[in-house]
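Data file: work_16.csv. Format and content: CSV, C-alpha atoms.
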chain,number,residue,atom,x,y,z
A,1,VAL,CA,-14.0,-12.5,14.9
A,2,ALA,CA,-14.0,-16.4,14.9
A,3,SER,CA,-12.7,-18.9,17.4
A,4,ARG,CA,-12.5,-21.5,14.6
A,5,VAL,CA,-12.9,-21.5,10.8
A,6,ASP,CA,-14.0,-24.6,8.8
A,7,VAL,CA,-13.7,-24.8,5.0
A,8,ILE,CA,-15.6,-27.7,3.6
A,9,SER,CA,-15.1,-28.4,-0.1
A,10,ARG,CA,-15.9,-31.0,-2.8
A,11,ARG,CA,-14.4,-30.7,-6.2
A,12,ALA,CA,-16.6,-31.0,-9.3
A,13,GLY,CA,-16.5,-34.6,-10.6
A,14,GLU,CA,-15.3,-36.0,-7.2
A,15,ASN,CA,-17.3,-38.0,-4.7
A,16,LYS,CA,-15.1,-37.2,-1.7
A,17,ALA,CA,-15.2,-33.9,0.3
A,18,PHE,CA,-12.7,-32.6,2.8
A,19,ILE,CA,-12.8,-30.2,5.7
A,20,TRP,CA,-10.0,-27.8,6.6
A,21,SER,CA,-10.2,-26.5,10.1
A,22,SER,CA,-8.1,-24.0,12.1
A,23,ASP,CA,-8.3,-22.0,15.3
A,24,GLY,CA,-5.8,-19.4,14.0
A,25,SER,CA,-3.0,-20.5,16.3
A,26,GLY,CA,-0.7,-21.6,13.4
A,27,SER,CA,-1.9,-25.1,12.8
A,28,PHE,CA,-4.7,-26.8,11.0
A,29,THR,CA,-6.3,-30.1,10.3
A,30,VAL,CA,-7.6,-31.7,7.1
A,31,ALA,CA,-10.1,-34.6,7.2
A,32,PRO,CA,-12.8,-36.3,5.1
A,33,ALA,CA,-16.2,-34.7,5.4
A,34,GLU,CA,-19.8,-34.8,4.2
A,35,HIS,CA,-20.6,-32.3,1.5
A,36,LYS,CA,-23.4,-33.3,-0.8
A,37,GLN,CA,-23.0,-30.5,-3.4
A,38,ARG,CA,-19.9,-29.6,-5.3
A,39,GLY,CA,-18.3,-26.3,-4.2
A,40,THR,CA,-17.1,-24.8,-1.0
A,41,SER,CA,-18.7,-23.7,2.3
A,42,ILE,CA,-16.8,-21.5,4.8
A,43,VAL,CA,-18.1,-21.7,8.3
A,44,LEU,CA,-17.1,-19.1,11.0
A,45,HIS,CA,-17.6,-20.1,14.6
A,46,LEU,CA,-18.0,-16.6,16.0
A,47,ARG,CA,-16.6,-15.5,19.3
A,48,ASP,CA,-19.1,-14.3,22.0
A,49,ASP,CA,-17.9,-10.7,21.6
A,50,ALA,CA,-18.4,-10.8,17.8
A,51,LEU,CA,-22.0,-11.9,17.4
A,52,GLU,CA,-22.9,-8.6,15.7
A,53,PHE,CA,-21.5,-10.3,12.6
A,54,LEU,CA,-24.6,-12.4,12.5
A,55,GLU,CA,-26.7,-9.2,11.9
A,56,ASP,CA,-27.7,-8.4,8.3
A,57,TRP,CA,-26.6,-4.7,8.6
A,58,LYS,CA,-23.1,-5.7,9.8
A,59,ILE,CA,-22.6,-8.3,7.0
A,60,GLU,CA,-23.7,-5.7,4.4
A,61,SER,CA,-21.4,-3.0,5.8
A,62,VAL,CA,-18.4,-5.4,5.6
A,63,VAL,CA,-19.3,-6.5,2.0
A,64,ARG,CA,-19.8,-2.9,0.9
A,65,ALA,CA,-16.4,-1.8,2.4
A,66,TYR,CA,-14.3,-4.6,1.0
A,67,SER,CA,-16.1,-6.5,-1.7
A,68,ASP,CA,-18.5,-4.1,-3.3
A,69,HIS,CA,-16.6,-4.0,-6.6
A,70,ILE,CA,-15.7,-7.7,-7.2
A,71,ALA,CA,-17.1,-9.1,-10.4
A,72,HIS,CA,-19.2,-11.8,-8.7
A,73,PRO,CA,-22.6,-11.2,-7.0
A,74,ILE,CA,-22.6,-11.7,-3.2
A,75,MET,CA,-26.0,-12.9,-2.0
A,76,LEU,CA,-27.4,-12.7,1.5
A,77,ALA,CA,-29.9,-15.2,2.6
A,78,VAL,CA,-33.2,-13.7,3.6
A,79,ASP,CA,-34.7,-17.0,4.5
A,80,ALA,CA,-34.4,-20.7,3.6
A,81,GLU,CA,-35.7,-20.1,0.0
A,82,THR,CA,-34.8,-16.5,-0.9
A,83,SER,CA,-31.7,-14.3,-1.0
A,84,ARG,CA,-30.8,-10.8,-2.2
A,85,GLN,CA,-27.6,-9.3,-3.7
A,86,ILE,CA,-25.7,-7.0,-1.4
A,87,ASN,CA,-22.8,-5.8,-3.6
A,88,THR,CA,-22.9,-3.8,-6.8
A,89,ALA,CA,-20.5,-6.3,-8.6
A,90,ASN,CA,-19.4,-3.5,-10.8
A,91,ALA,CA,-16.0,-1.6,-10.7
A,92,ILE,CA,-16.2,1.6,-12.7
A,93,TRP,CA,-12.5,1.7,-13.2
A,94,THR,CA,-12.6,-1.6,-15.2
A,95,ARG,CA,-14.7,0.0,-17.9
A,96,GLY,CA,-13.3,1.9,-20.9
A,97,LYS,CA,-12.9,5.7,-20.8
A,98,SER,CA,-15.6,6.2,-23.4
A,99,GLU,CA,-18.1,4.1,-21.4
A,100,ILE,CA,-18.0,6.3,-18.3
A,101,THR,CA,-20.1,9.5,-18.3
A,102,ALA,CA,-19.2,12.7,-16.5
A,103,ASP,CA,-22.1,12.1,-14.1
A,104,GLN,CA,-20.7,8.7,-13.2
A,105,HIS,CA,-17.3,10.2,-12.5
A,106,LYS,CA,-18.9,12.8,-10.3
A,107,GLU,CA,-20.9,10.2,-8.5
A,108,PHE,CA,-17.9,7.9,-7.9
A,109,LEU,CA,-15.8,10.9,-6.6
A,110,GLY,CA,-18.6,11.6,-4.2
A,111,HIS,CA,-18.6,8.0,-3.1
A,112,LEU,CA,-14.8,8.3,-2.4
A,113,SER,CA,-14.7,11.7,-0.8
A,114,GLY,CA,-18.2,12.7,0.3
A,115,SER,CA,-18.1,15.8,-2.0
A,116,TYR,CA,-20.2,15.6,-5.1
A,117,SER,CA,-18.6,18.5,-7.0
A,118,GLU,CA,-17.3,18.1,-10.6
A,119,PRO,CA,-13.7,16.8,-10.6
A,120,ALA,CA,-11.3,19.4,-11.9
A,121,LEU,CA,-9.1,16.6,-13.5
A,122,THR,CA,-9.7,12.9,-14.1
A,123,ILE,CA,-6.8,10.5,-14.6
A,124,HIS,CA,-7.8,7.0,-15.8
A,125,TYR,CA,-5.4,4.5,-17.3
A,126,ARG,CA,-4.2,0.9,-17.2
A,127,ALA,CA,-0.5,0.1,-16.7
A,128,GLU,CA,0.9,-3.1,-18.2
A,129,GLY,CA,4.3,-4.7,-18.0
A,130,ARG,CA,6.2,-5.9,-14.9
A,131,ASN,CA,3.4,-4.5,-12.7
A,132,GLU,CA,-0.2,-4.5,-14.0
A,133,TYR,CA,-2.7,-2.2,-12.4
A,134,THR,CA,-5.5,0.2,-13.2
A,135,VAL,CA,-5.6,3.8,-12.0
A,136,LEU,CA,-8.6,6.1,-11.6
A,137,LEU,CA,-7.7,9.3,-9.8
A,138,TYR,CA,-9.5,12.6,-9.4
A,139,ILE,CA,-8.4,16.1,-8.5
A,140,PRO,CA,-11.5,17.5,-6.8
A,141,GLY,CA,-13.1,20.7,-7.9
A,142,GLU,CA,-12.9,22.1,-4.3
A,143,ARG,CA,-10.7,21.6,-1.3
A,144,PRO,CA,-11.4,18.5,0.8
A,145,PHE,CA,-12.2,19.3,4.4
A,146,ASP,CA,-9.1,17.4,5.7
A,147,LEU,CA,-6.6,19.1,3.3
A,148,PHE,CA,-4.6,20.6,6.1
A,149,ASP,CA,-4.9,17.7,8.6
A,150,PRO,CA,-1.6,17.6,10.5
A,151,GLU,CA,-1.1,13.9,9.5
A,152,ARG,CA,-1.0,14.9,5.8
A,153,ARG,CA,-2.3,11.5,4.8
A,154,GLY,CA,-3.4,10.6,1.4
A,155,ARG,CA,-6.8,9.2,0.7
A,156,GLN,CA,-6.1,6.9,-2.3
A,157,LYS,CA,-7.5,3.4,-2.0
A,158,LEU,CA,-5.5,0.3,-2.9
A,159,TYR,CA,-7.4,-2.6,-4.3
A,160,VAL,CA,-6.1,-6.0,-5.4
A,161,LYS,CA,-8.3,-7.7,-8.1
A,162,ARG,CA,-11.2,-5.3,-7.1
A,163,VAL,CA,-10.9,-6.4,-3.4
A,164,TYR,CA,-10.4,-3.4,-1.1
A,165,ILE,CA,-7.1,-3.6,0.8
A,166,THR,CA,-6.4,-0.2,2.5
A,167,ASP,CA,-6.4,3.6,2.1
A,168,ASP,CA,-3.1,3.7,4.1
A,169,ALA,CA,-0.7,2.6,1.4
A,170,GLU,CA,0.7,6.1,0.8
A,171,LEU,CA,0.3,5.7,-3.0
A,172,LEU,CA,1.0,9.4,-3.5
A,173,PRO,CA,3.3,11.7,-1.6
A,174,PRO,CA,1.9,14.1,1.1
A,175,TYR,CA,1.9,17.1,-1.2
A,176,LEU,CA,-0.6,15.3,-3.5
A,177,ARG,CA,-2.8,14.2,-0.7
A,178,PHE,CA,-5.8,16.1,-2.2
A,179,VAL,CA,-6.0,13.6,-5.0
A,180,ARG,CA,-8.8,11.0,-4.5
A,181,GLY,CA,-9.2,7.7,-6.3
A,182,ILE,CA,-8.1,4.1,-6.5
A,183,VAL,CA,-5.2,1.9,-7.7
A,184,ASP,CA,-6.2,-1.7,-8.5
A,185,SER,CA,-3.4,-4.2,-8.8
A,186,GLU,CA,-3.7,-7.4,-10.7
A,187,ASP,CA,-0.7,-9.2,-9.3
A,188,MET,CA,-0.2,-8.2,-5.7
A,189,PRO,CA,-1.1,-10.8,-3.0
A,190,LEU,CA,-4.4,-10.2,-1.2
A,191,ASN,CA,-2.9,-10.7,2.3
A,192,LEU,CA,-0.8,-7.5,2.3
A,193,SER,CA,0.0,-6.2,5.8
A,194,ARG,CA,1.1,-2.7,6.7
A,195,GLU,CA,4.7,-3.9,7.0
A,196,MET,CA,4.6,-5.6,3.6
A,197,LEU,CA,3.1,-2.4,2.0
A,198,GLN,CA,6.0,-0.3,3.4
A,199,ASN,CA,8.7,-2.7,2.0
A,200,ASN,CA,7.0,-4.1,-1.1
A,201,PRO,CA,8.9,-3.3,-4.3
A,202,GLN,CA,5.7,-3.5,-6.3
A,203,VAL,CA,4.1,-0.9,-4.2
A,204,ALA,CA,7.2,1.3,-4.4
A,205,ALA,CA,7.3,1.0,-8.2
A,206,ILE,CA,3.5,1.8,-8.5
A,207,ARG,CA,3.9,4.7,-6.1
A,208,LYS,CA,6.7,6.2,-8.2
A,209,ALA,CA,4.9,5.7,-11.5
A,210,VAL,CA,1.6,7.0,-10.3
A,211,THR,CA,3.2,10.1,-8.8
A,212,ASN,CA,5.0,10.8,-12.1
A,213,LYS,CA,1.8,10.4,-14.0
A,214,VAL,CA,-0.2,12.8,-11.8
A,215,LEU,CA,2.6,15.4,-12.0
A,216,GLY,CA,2.7,14.9,-15.8
A,217,GLU,CA,-1.0,15.4,-16.1
A,218,LEU,CA,-0.8,18.6,-14.0
A,219,LYS,CA,1.9,19.9,-16.3
A,220,LYS,CA,-0.1,19.0,-19.4
A,221,ALA,CA,-3.1,20.8,-17.9
A,222,ALA,CA,-1.0,23.9,-17.3
A,223,GLU,CA,0.2,23.9,-20.9
A,224,ASN,CA,-3.1,23.0,-22.6
A,225,ASP,CA,-6.0,24.0,-20.4
A,226,GLU,CA,-5.2,27.2,-18.5
A,227,PRO,CA,-8.7,27.7,-17.0
A,228,ALA,CA,-8.8,24.2,-15.6
A,229,PHE,CA,-5.2,24.4,-14.2
A,230,ARG,CA,-5.9,27.9,-12.7
A,231,LYS,CA,-8.8,26.3,-10.8
A,232,ILE,CA,-6.6,23.5,-9.5
A,233,TRP,CA,-3.8,25.9,-8.6
A,234,GLU,CA,-6.1,28.3,-6.7
A,235,ALA,CA,-7.3,25.4,-4.6
A,236,PHE,CA,-4.2,23.3,-4.2
A,237,GLY,CA,-1.2,25.4,-5.1
A,238,PRO,CA,0.1,25.9,-1.6
A,239,VAL,CA,0.0,22.2,-1.0
A,240,ILE,CA,1.7,21.3,-4.3
A,241,LYS,CA,4.5,23.7,-3.3
A,242,GLU,CA,5.3,21.5,-0.3
A,243,GLY,CA,6.9,19.2,-2.9
A,244,LEU,CA,9.5,21.8,-3.8
A,245,TYR,CA,11.4,21.1,-0.5
A,246,GLU,CA,10.4,17.5,0.3
A,247,ASP,CA,10.6,15.7,-3.1
A,248,MET,CA,14.1,16.2,-4.5
A,249,GLU,CA,13.7,13.4,-6.9
A,250,ARG,CA,11.1,15.2,-9.0
What would the structure in this file look like if it were written as structure tokens?
Amino acid sequence: VASRVDVISRRAGENKAFIWSSDGSGSFTVAPAEHKQRGTSIVLHLRDDALEFLEDWKIESVVRAYSDHIAHPIMLAVDAETSRQINTANAIWTRGKSEITADQHKEFLGHLSGSYSEPALTIHYRAEGRNEYTVLLYIPGERPFDLFDPERRGRQKLYVKRVYITDDAELLPPYLRFVRGIVDSEDMPLNLSREMLQNNPQVAAIRKAVTNKVLGELKKAAENDEPAFRKIWEAFGPVIKEGLYEDMER
């Protein structure tokens, strides 16, 4: 949306500031600059066809979509003296299981799917080791409206360090497309492209591990909580059966 981006920064304890500038063509310049306070300012020189990004509503919509859950407050200037916070600065999946109430799970599932029914199954855990990531997934209590969409796309959102990346990472196979939720990686790069997602070994490892976890939790529910599993099977059994002929690995 910008014809040029300037990043002006002065390190704490230093008297000199510098400006990094680029028009996005592949090159950039770095030069001394005036910056009275320590810290960093990022200036976007907007294109004529992107001036809507000067509007408060547009700024808020972008922040809510991509940065609502990062740990730091994002403030929008109301005037020269006042500002207001426009992100929640709170990611539900970073909290312990015991700290999250059933109503909060229901509300978050509604935020993800638009359906505010009770989740039939909640899967919340943190994976550590070669790949570190947090998973919060829900099997809804009722069928999503797009369950039989011809594209059979999943709706799981990928975050990196609580920054939203995409919902097109195919984190679960098509026969588990009814599962809603997030996977938040601690060690993936923030600049993941669609091509990188398709060929990234970290994403492949996470995809395999999360799929096995969901199938394991379904099996556990079938063995230990028949009423809950019956509800899941009545809603999603025909979709789960798709995995019998398209997922030979499992």
>> Residues within 9 Å of range 7-9 of chain A, please, as a PyMOL selection string. Count all atoms listed in the file; anything in the same chain fewer than 3 positions from it doesn't count.
In response: chain A and resi 16-21+33-35+37-44
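Residues of protein, DNA and RNA with at least one atom no farther than 8 Å from (-9.2, 11.9, -3.6) are, using all atoms listed in the file, Leu109, Leu112, Ser113, Leu137, Tyr138, Ile139, Pro140, Gly154, Arg155, Gln156, Arg177, Phe178, Val179, Arg180 and Gly181 of chain A.
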Those residues with C-alpha atoms, as a PDB file, in the coordinates of the input please?
ATOM      1  CA  LEU A 109     -15.800  10.900  -6.600  1.00  0.00           C
ATOM      2  CA  LEU A 112     -14.800   8.300  -2.400  1.00  0.00           C
ATOM      3  CA  SER A 113     -14.700  11.700  -0.800  1.00  0.00           C
ATOM      4  CA  LEU A 137      -7.700   9.300  -9.800  1.00  0.00           C
ATOM      5  CA  TYR A 138      -9.500  12.600  -9.400  1.00  0.00           C
ATOM      6  CA  ILE A 139      -8.400  16.100  -8.500  1.00  0.00           C
ATOM      7  CA  PRO A 140     -11.500  17.500  -6.800  1.00  0.00           C
ATOM      8  CA  GLY A 154      -3.400  10.600   1.400  1.00  0.00           C
ATOM      9  CA  ARG A 155      -6.800   9.200   0.700  1.00  0.00           C
ATOM     10  CA  GLN A 156      -6.100   6.900  -2.300  1.00  0.00           C
ATOM     11  CA  ARG A 177      -2.800  14.200  -0.700  1.00  0.00           C
ATOM     12  CA  PHE A 178      -5.800  16.100  -2.200  1.00  0.00           C
ATOM     13  CA  VAL A 179      -6.000  13.600  -5.000  1.00  0.00           C
ATOM     14  CA  ARG A 180      -8.800  11.000  -4.500  1.00  0.00           C
ATOM     15  CA  GLY A 181      -9.200   7.700  -6.300  1.00  0.00           C
TER      16      GLY A 181
END
> In Å to one decimal, how far is CA of Ala91 in chain A from CA of Ser193 in chain A?
Replying inline: 23.4 Å
> Which one is closest to His69 in chain A: A:Val163, A:Val1, A:Ala31, A:Leu176? Count all atoms listed in the file.
Replying inline: A:Val163
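For His105 in chain A, the list of residues within 9 Å, based on only C-alpha atoms and with local chain neighbours fewer than 4 positions off taken out, reads Ile92, Ile100, Thr101, Leu109, Gly110, Glu118, Pro119, Thr122 and Tyr138 of chain A.
We find CA of Arg64 in chain A and CA of Ala89 in chain A to be spaced 10.1 Å apart.
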> Which of these, A:Ala2, A:Val62, A:Leu76, A:Leu121, has the shortest distance to Asp49 in chain A once you count only C-alpha atoms?
Replying inline: A:Ala2
> Counting all atoms listed in the file, which of A:Arg207, A:His45, A:Arg143, A:Arg152 gets nearest to Tyr116 in chain A?
Replying inline: A:Arg143
>> For Ser83 in chain A, find every residue with an atom within 12 Å (counting only C-alpha atoms), except residues of its own chain fewer than 6 positions away, and show them as a list in words.
In response: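 So, after excluding close chain neighbours, the residues are Asp56, Pro73, Ile74, Met75, Leu76 and Ala77 of chain A.
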> Hey, can you check how far CA of Arg162 in chain A sits from CA of Ala71 in chain A?
Replying inline: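 The value is 7.8 Å.
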>> From the options A:Pro174, A:Val63, A:Ala209, A:Lys161, which residue's atoms come nearest to Leu244 in chain A, counting only C-alpha atoms?
In response: A:Pro174
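In terms of minimum interatomic distance to Asp68 in chain A, A:Ile86 ranks closest within A:Leu215, A:Ile86, A:Val210, A:Leu54, counting only C-alpha atoms.
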Residues of range 149-250 of chain A at most 12 Å from range 94-97 of chain A: nearest atom pair and distance in Å, only C-alpha atoms, as JSON lines:
{"residue": "A:Lys161", "atom": "CA", "partner": "A:Thr94", "partner_atom": "CA", "distance": 10.3}
{"residue": "A:Arg162", "atom": "CA", "partner": "A:Thr94", "partner_atom": "CA", "distance": 9.0}
{"residue": "A:Ile182", "atom": "CA", "partner": "A:Thr94", "partner_atom": "CA", "distance": 11.3}
{"residue": "A:Val183", "atom": "CA", "partner": "A:Thr94", "partner_atom": "CA", "distance": 11.1}
{"residue": "A:Asp184", "atom": "CA", "partner": "A:Thr94", "partner_atom": "CA", "distance": 9.3}
{"residue": "A:Ser185", "atom": "CA", "partner": "A:Thr94", "partner_atom": "CA", "distance": 11.5}
{"residue": "A:Glu186", "atom": "CA", "partner": "A:Thr94", "partner_atom": "CA", "distance": 11.5}
>> Let me make sure I understand: among A:Asp168, A:Asp23, A:Lys213, A:Leu192, which one has the smallest atom-to-atom distance to Val135 in chain A if we use all atoms listed in the file?
In response: A:Lys213
> If you count all atoms listed in the file, which residues fall within 9 Å of Thr211 in chain A, apart from same-chain ones fewer than 3 positions away, as a PyMOL selection string?
Replying inline: chain A and resi 171-173+176+206-208+214-216
